[in-house]
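Engineer: Contents of coords.txt (compact mmCIF, C-alpha atoms) are below:
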```
# COMPACT_ATOMS: atom_id res chain seq x y z
CA MET A 1 14.60 -125.06 60.55
CA THR A 2 11.69 -127.39 59.86
CA VAL A 3 8.25 -125.87 60.03
CA GLY A 4 5.24 -128.16 59.77
CA ILE A 5 2.59 -127.31 57.17
CA LEU A 6 -1.08 -127.95 57.95
CA LEU A 7 -3.69 -127.32 55.29
CA MET A 8 -7.16 -126.66 56.73
CA THR A 9 -9.73 -126.43 53.98
CA HIS A 10 -13.21 -127.19 52.77
CA GLU A 11 -13.81 -130.70 51.50
CA ALA A 12 -11.59 -132.06 48.71
CA MET A 13 -9.52 -128.85 48.45
CA GLY A 14 -6.54 -129.65 50.65
CA ARG A 15 -5.84 -133.16 49.43
CA ALA A 16 -6.09 -132.09 45.78
CA LEU A 17 -3.54 -129.31 46.35
CA VAL A 18 -1.12 -131.66 48.12
CA SER A 19 -1.53 -134.19 45.32
CA ALA A 20 -0.68 -131.49 42.76
CA ALA A 21 2.35 -130.40 44.83
CA HIS A 22 3.58 -134.02 44.85
CA HIS A 23 3.16 -134.15 41.09
CA VAL A 24 5.25 -130.98 40.63
CA LEU A 25 7.92 -131.45 43.30
CA GLY A 26 8.12 -135.17 43.90
CA ALA A 27 9.07 -135.62 47.57
CA LEU A 28 7.96 -132.71 49.75
CA PRO A 29 10.77 -131.09 51.78
CA LEU A 30 8.58 -130.24 54.79
CA PRO A 31 6.11 -132.34 56.78
CA VAL A 32 2.65 -131.66 55.35
CA ASP A 33 -0.77 -132.77 56.59
CA VAL A 34 -4.31 -131.96 55.55
CA GLN A 35 -7.45 -131.47 57.55
CA GLU A 36 -10.58 -131.02 55.51
CA ILE A 37 -13.66 -129.81 57.33
CA ALA A 38 -16.92 -131.40 56.17
CA PRO A 39 -20.04 -129.17 56.19
CA ASP A 40 -21.63 -131.22 58.98
CA ALA A 41 -18.49 -131.60 61.10
CA ASP A 42 -18.57 -130.66 64.78
CA PRO A 43 -16.24 -127.62 65.12
CA GLU A 44 -15.11 -128.56 68.65
CA ARG A 45 -14.16 -132.06 67.58
CA MET A 46 -12.40 -130.65 64.48
CA LEU A 47 -10.48 -128.18 66.65
CA ARG A 48 -9.18 -130.98 68.86
CA ALA A 49 -8.26 -133.07 65.80
CA ALA A 50 -6.48 -130.09 64.22
CA ALA A 51 -4.53 -129.46 67.43
CA SER A 52 -3.47 -133.08 67.49
CA ASN A 53 -2.38 -132.91 63.82
CA ALA A 54 -0.51 -129.67 64.45
CA ARG A 55 1.36 -131.12 67.44
CA GLU A 56 2.48 -134.08 65.33
CA LEU A 57 3.73 -131.72 62.62
CA ASP A 58 5.62 -129.44 65.02
CA ARG A 59 9.34 -130.35 65.08
CA GLY A 60 10.07 -127.49 67.46
CA ASN A 61 9.78 -124.63 64.98
CA GLY A 62 6.01 -124.23 64.85
CA VAL A 63 3.33 -124.92 62.29
CA LEU A 64 2.21 -122.86 59.30
CA VAL A 65 -1.53 -123.32 58.85
CA LEU A 66 -2.82 -122.58 55.35
CA THR A 67 -6.57 -122.14 54.99
CA ASP A 68 -8.56 -121.70 51.80
CA LEU A 69 -10.97 -118.92 52.81
CA TYR A 70 -10.57 -116.28 55.48
CA GLY A 71 -13.58 -116.16 57.81
CA ALA A 72 -14.90 -119.58 56.80
CA THR A 73 -15.18 -122.45 59.30
CA PRO A 74 -11.85 -124.18 58.49
CA CYS A 75 -10.10 -120.84 59.02
CA ASN A 76 -12.11 -119.99 62.12
CA ILE A 77 -11.17 -123.32 63.67
CA ALA A 78 -7.52 -122.81 62.69
CA ARG A 79 -7.40 -119.41 64.37
CA ARG A 80 -8.36 -120.98 67.69
CA LEU A 81 -5.38 -123.37 67.65
CA PRO A 82 -3.13 -121.08 69.75
CA ASP A 83 -5.71 -121.40 72.57
CA LEU A 84 -4.76 -125.07 72.68
CA GLY A 85 -1.06 -124.28 72.90
CA VAL A 86 -0.20 -124.69 69.21
CA ARG A 87 2.57 -122.36 68.02
CA MET A 88 1.38 -121.34 64.59
CA HIS A 89 0.88 -118.66 61.98
CA CYS A 90 -2.20 -118.88 59.80
CA VAL A 91 -2.28 -117.64 56.20
CA SER A 92 -5.57 -117.63 54.28
CA GLY A 93 -6.36 -117.62 50.56
CA LEU A 94 -4.54 -120.90 49.96
CA ASN A 95 -3.80 -121.68 46.34
CA LEU A 96 -1.30 -123.91 44.52
CA PRO A 97 1.26 -121.10 43.95
CA MET A 98 1.21 -120.40 47.69
CA LEU A 99 1.80 -124.05 48.57
CA LEU A 100 4.56 -124.53 45.97
CA ARG A 101 6.35 -121.36 47.07
CA VAL A 102 6.24 -122.41 50.73
CA LEU A 103 7.72 -125.79 49.83
CA ASN A 104 10.49 -124.06 47.89
CA TYR A 105 11.79 -122.34 51.04
CA PRO A 106 12.01 -125.19 53.57
CA GLU A 107 14.87 -123.51 55.46
CA GLN A 108 12.79 -120.48 56.51
CA SER A 109 11.45 -119.76 59.99
CA LEU A 110 7.73 -119.78 60.75
CA GLU A 111 7.55 -115.97 60.56
CA GLU A 112 9.43 -115.83 57.25
CA LEU A 113 7.40 -118.67 55.79
CA ALA A 114 4.12 -116.86 56.53
CA GLN A 115 5.35 -113.90 54.44
CA THR A 116 6.59 -116.25 51.72
CA ALA A 117 3.18 -117.93 51.60
CA ALA A 118 1.32 -114.63 51.30
CA SER A 119 3.53 -113.25 48.54
CA GLY A 120 3.41 -116.59 46.68
CA GLY A 121 -0.37 -116.68 46.80
CA ARG A 122 -0.71 -113.08 45.60
CA GLY A 123 2.04 -113.39 42.99
CA GLY A 124 0.39 -116.43 41.44
CA ILE A 125 -2.58 -114.38 40.30
CA VAL A 126 -1.91 -113.12 36.81
CA ILE A 127 -4.16 -111.30 34.35
CA ASP A 128 -3.12 -112.38 30.88
CA THR A 129 -4.26 -109.68 28.48
CA PRO A 130 -4.29 -110.91 24.89
CA MET B 1 29.10 -113.32 35.45
CA LEU B 2 28.35 -115.94 32.82
CA GLU B 3 25.69 -115.66 30.16
CA ARG B 4 24.39 -118.24 27.73
CA ASP B 5 21.62 -118.13 25.11
CA ILE B 6 19.51 -121.26 24.67
CA THR B 7 16.17 -122.28 23.22
CA ILE B 8 13.61 -124.45 25.00
CA THR B 9 13.40 -127.83 23.28
CA ASN B 10 11.15 -129.90 25.53
CA ARG B 11 7.54 -130.21 24.41
CA LEU B 12 5.90 -128.80 27.54
CA GLY B 13 8.37 -125.93 28.00
CA LEU B 14 9.05 -124.48 31.44
CA HIS B 15 5.93 -126.01 32.96
CA ALA B 16 5.53 -126.65 36.67
CA ARG B 17 7.57 -129.84 37.03
CA ALA B 18 10.38 -128.57 34.80
CA SER B 19 10.50 -125.30 36.75
CA ALA B 20 10.67 -127.24 40.02
CA LYS B 21 13.53 -129.38 38.70
CA LEU B 22 15.44 -126.29 37.63
CA VAL B 23 14.97 -124.59 40.99
CA GLN B 24 15.92 -127.76 42.86
CA ALA B 25 19.06 -128.24 40.73
CA LEU B 26 20.17 -124.67 41.44
CA HIS B 27 19.49 -124.87 45.15
CA GLU B 28 22.93 -126.33 45.95
CA PHE B 29 24.80 -123.44 44.30
CA GLN B 30 25.68 -120.19 46.02
CA SER B 31 25.71 -118.15 42.82
CA SER B 32 22.71 -116.16 41.76
CA ALA B 33 20.94 -117.48 38.68
CA THR B 34 18.57 -115.56 36.43
CA ILE B 35 16.60 -116.26 33.29
CA VAL B 36 15.81 -113.54 30.80
CA CYS B 37 12.83 -114.17 28.53
CA ARG B 38 11.17 -111.62 26.24
CA GLY B 39 12.90 -108.83 28.15
CA LYS B 40 11.64 -110.11 31.50
CA GLU B 41 14.23 -111.15 34.08
CA VAL B 42 13.43 -113.62 36.87
CA ASN B 43 15.30 -115.39 39.67
CA ALA B 44 15.92 -118.93 38.40
CA LYS B 45 15.94 -120.17 42.01
CA SER B 46 12.34 -119.06 42.54
CA ILE B 47 9.71 -121.54 41.38
CA MET B 48 7.01 -118.91 40.96
CA GLY B 49 9.50 -116.62 39.21
CA VAL B 50 10.36 -119.27 36.63
CA MET B 51 6.71 -120.27 36.16
CA MET B 52 5.68 -116.65 35.57
CA LEU B 53 7.69 -116.72 32.34
CA ALA B 54 5.11 -119.15 30.92
CA ALA B 55 7.86 -120.07 28.45
CA GLY B 56 6.90 -122.77 25.95
CA LEU B 57 8.67 -124.90 23.35
CA GLY B 58 10.91 -122.86 21.05
CA THR B 59 11.18 -119.85 23.36
CA PRO B 60 14.65 -118.26 23.35
CA LEU B 61 16.10 -117.64 26.81
CA THR B 62 19.21 -116.05 28.21
CA LEU B 63 20.64 -117.79 31.27
CA ARG B 64 22.87 -115.90 33.67
CA THR B 65 24.84 -117.05 36.70
CA ASP B 66 26.93 -114.87 38.95
CA GLY B 67 29.02 -115.89 41.97
CA VAL B 68 31.75 -118.22 43.26
CA ASP B 69 30.33 -121.34 41.58
CA GLU B 70 28.84 -119.67 38.52
CA GLU B 71 30.39 -122.15 36.08
CA ALA B 72 28.98 -125.22 37.82
CA ALA B 73 25.60 -123.55 38.24
CA MET B 74 25.48 -122.62 34.56
CA GLN B 75 26.47 -126.15 33.57
CA ALA B 76 23.74 -127.64 35.75
CA MET B 77 21.14 -125.34 34.19
CA VAL B 78 22.24 -125.92 30.59
CA GLU B 79 22.37 -129.69 31.11
CA LEU B 80 18.81 -129.75 32.38
CA PHE B 81 17.58 -127.88 29.30
CA GLU B 82 19.67 -130.10 27.00
CA ARG B 83 18.31 -133.25 28.65
CA LYS B 84 14.79 -131.83 28.12
CA PHE B 85 14.32 -132.05 31.90
CA ASP B 86 14.45 -135.86 31.55
CA GLU B 87 10.96 -135.79 30.10
CA GLY B 88 11.92 -137.70 26.98
CA ALA B 89 10.32 -135.24 24.57
```
Could you write out this structure as structure tokens?
Structural biologist:
Amino acid sequence: MTVGILLMTHEAMGRALVSAAHHVLGALPLPVDVQEIAPDADPERMLRAAASNARELDRGNGVLVLTDLYGATPCNIARRLPDLGVRMHCVSGLNLPMLLRVLNYPEQSLEELAQTAASGGRGGIVIDTP
Amino acid sequence: MLERDITITNRLGLHARASAKLVQALHEFQSSATIVCRGKEVNAKSIMGVMMLAAGLGTPLTLRTDGVDEEAAMQAMVELFERKFDEGA
């Protein structure tokens, strides 16, 4: 089972997270790509580019799209991907724990990986009381 | 089930890269693997579980493995700690 991972984020977020994941894990066990959406980007053009990225990432088991902020433009574009025939699940609230946890379960299906992403993102938030 | 007490000796402790190495090393074993730290028990095959220990240099840990290949899994874990995760310090 190889699910493709597409990060759709505001500028500079996605690449920085992937760079940190490389630092921690070395080689990444799943195909990962990043699409950052600039503030002045044309949403229709970005949607087509995202669909093209997603198709390249899809090895037959779908694509997990991770977006940084629910309801923001990168996420809103991502949520339209199924209209273009992309088989995907979208999980928002992307953070480094979410990305690392996803990459630690490369054998999971798209549905399982979406749950893994959500629990990883939530579980990475810790209040450290002195 | 096997159990072994060790102390973290690498300078950065169970930081992100060390945790990832531990999880990756254990991936090939069927046995379950857990780390107990300050009374908290986590799955040693879960990167976020291991990181949540926030265990630094000098922290005492109890390692546990349980299953068909528990000896090999324990050896792999102990070796990583003893080699200081190949970090040199």
Engineer: Any chance you could tabulate, as CSV, the residues of chain B at most 8 Å from chain A with each one's nearest atom pair and distance in Å to one decimal, using only C-alpha atoms, in chain and rising number order?
Structural biologist:
```
residue,atom,partner,partner_atom,distance
B:Ala16,CA,A:Val24,CA,5.9
B:Arg17,CA,A:Val24,CA,4.4
B:Ala20,CA,A:Leu25,CA,6.0
B:Lys21,CA,A:Leu25,CA,7.5
B:Ser46,CA,A:Asn104,CA,7.6
B:Ile47,CA,A:Arg101,CA,6.6
B:Met48,CA,A:Arg101,CA,6.6
B:Met52,CA,A:Gly124,CA,7.9
```
Engineer: Just give me the gap between atom CA of B:Glu71 and atom CA of B:Arg11 in Å, one decimal is fine.
Structural biologist: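 Computing the Euclidean distance for atom CA of B:Glu71 and atom CA of B:Arg11 yields 26.9 Å.
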Engineer: Here is a test: counting all atoms listed in the file, which residue of A:Leu81, A:Leu28, A:Ala114, A:Val18 is nearest to A:Ala51?
Structural biologist: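 Under the stated criterion, the closest residue is A:Leu81.
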Engineer: Figure out the distance between atom CA of A:Pro130 and atom CA of B:Lys45, please, to one decimal in Å.
Structural biologist: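 Interatomic distance here is 28.1 Å.
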Engineer: Quick one: residues within 12 Å of B:Met74, all atoms listed in the file, excluding same-chain residues fewer than 6 positions away - as a list in words?
Structural biologist: Met1, Leu2, Glu3, Arg4, Asp5, Ile6, Leu22, Ala25, Leu26, Phe29, Gln30, Ser31, Ser32, Ala33, Thr34, Ile35, Ala44, Thr62, Leu63, Arg64, Thr65, Asp66, Gly67, Val68, Leu80 and Phe81 of chain B
Engineer: Would you output that residue set with C-alpha atoms, as a short mmCIF file (atom, residue, chain, number, x, y, z; two decimals), in the coordinates of the input?
Structural biologist:
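Output contents, as saved in again-v6.cif:
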```cif
data_model
loop_
_atom_site.label_atom_id
_atom_site.label_comp_id
_atom_site.auth_asym_id
_atom_site.auth_seq_id
_atom_site.Cartn_x
_atom_site.Cartn_y
_atom_site.Cartn_z
CA MET B 1 29.10 -113.32 35.45
CA LEU B 2 28.35 -115.94 32.82
CA GLU B 3 25.69 -115.66 30.16
CA ARG B 4 24.39 -118.24 27.73
CA ASP B 5 21.62 -118.13 25.11
CA ILE B 6 19.51 -121.26 24.67
CA LEU B 22 15.44 -126.29 37.63
CA ALA B 25 19.06 -128.24 40.73
CA LEU B 26 20.17 -124.67 41.44
CA PHE B 29 24.80 -123.44 44.30
CA GLN B 30 25.68 -120.19 46.02
CA SER B 31 25.71 -118.15 42.82
CA SER B 32 22.71 -116.16 41.76
CA ALA B 33 20.94 -117.48 38.68
CA THR B 34 18.57 -115.56 36.43
CA ILE B 35 16.60 -116.26 33.29
CA ALA B 44 15.92 -118.93 38.40
CA THR B 62 19.21 -116.05 28.21
CA LEU B 63 20.64 -117.79 31.27
CA ARG B 64 22.87 -115.90 33.67
CA THR B 65 24.84 -117.05 36.70
CA ASP B 66 26.93 -114.87 38.95
CA GLY B 67 29.02 -115.89 41.97
CA VAL B 68 31.75 -118.22 43.26
CA LEU B 80 18.81 -129.75 32.38
CA PHE B 81 17.58 -127.88 29.30
#
```
Engineer: Missing atoms in stretch 24-43 of chain A: can you complete it with N, CA and C atoms, as a CSV table (one decimal), in the coordinates of the input?
Structural biologist:
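To be explicit, this is the file written out as rebuild-v1.csv:
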```csv
chain,number,residue,atom,x,y,z
A,24,VAL,N,4.3,-132.0,41.1
A,24,VAL,CA,5.2,-131.0,40.6
A,24,VAL,C,6.6,-131.2,41.3
A,25,LEU,N,6.6,-131.5,42.6
A,25,LEU,CA,7.9,-131.4,43.3
A,25,LEU,C,8.5,-132.8,43.6
A,26,GLY,N,7.7,-133.9,43.4
A,26,GLY,CA,8.1,-135.2,43.9
A,26,GLY,C,8.0,-135.2,45.4
A,27,ALA,N,9.1,-135.6,46.1
A,27,ALA,CA,9.1,-135.6,47.6
A,27,ALA,C,8.9,-134.2,48.1
A,28,LEU,N,8.1,-134.0,49.2
A,28,LEU,CA,8.0,-132.7,49.8
A,28,LEU,C,9.0,-132.5,50.8
A,29,PRO,N,9.7,-131.3,50.8
A,29,PRO,CA,10.8,-131.1,51.8
A,29,PRO,C,10.3,-130.7,53.2
A,30,LEU,N,9.1,-130.5,53.4
A,30,LEU,CA,8.6,-130.2,54.8
A,30,LEU,C,7.4,-131.2,55.1
A,31,PRO,N,7.2,-131.5,56.4
A,31,PRO,CA,6.1,-132.3,56.8
A,31,PRO,C,4.8,-131.6,56.5
A,32,VAL,N,3.9,-132.3,55.8
A,32,VAL,CA,2.6,-131.7,55.4
A,32,VAL,C,1.5,-132.6,55.8
A,33,ASP,N,0.4,-132.0,56.3
A,33,ASP,CA,-0.8,-132.8,56.6
A,33,ASP,C,-2.0,-131.9,56.2
A,34,VAL,N,-3.1,-132.6,56.0
A,34,VAL,CA,-4.3,-132.0,55.6
A,34,VAL,C,-5.4,-132.3,56.5
A,35,GLN,N,-6.2,-131.2,56.8
A,35,GLN,CA,-7.4,-131.5,57.6
A,35,GLN,C,-8.6,-130.8,56.8
A,36,GLU,N,-9.4,-131.6,56.2
A,36,GLU,CA,-10.6,-131.0,55.5
A,36,GLU,C,-11.8,-131.0,56.5
A,37,ILE,N,-12.5,-129.9,56.4
A,37,ILE,CA,-13.7,-129.8,57.3
A,37,ILE,C,-15.0,-130.0,56.5
A,38,ALA,N,-15.7,-131.1,56.9
A,38,ALA,CA,-16.9,-131.4,56.2
A,38,ALA,C,-18.0,-130.4,56.7
A,39,PRO,N,-19.0,-130.2,55.8
A,39,PRO,CA,-20.0,-129.2,56.2
A,39,PRO,C,-20.8,-129.5,57.5
A,40,ASP,N,-20.9,-130.8,57.8
A,40,ASP,CA,-21.6,-131.2,59.0
A,40,ASP,C,-20.7,-131.6,60.2
A,41,ALA,N,-19.4,-131.2,60.0
A,41,ALA,CA,-18.5,-131.6,61.1
A,41,ALA,C,-18.7,-130.8,62.4
A,42,ASP,N,-18.5,-131.4,63.5
A,42,ASP,CA,-18.6,-130.7,64.8
A,42,ASP,C,-17.3,-129.8,65.0
A,43,PRO,N,-17.4,-128.5,65.0
A,43,PRO,CA,-16.2,-127.6,65.1
A,43,PRO,C,-15.3,-127.9,66.3
```
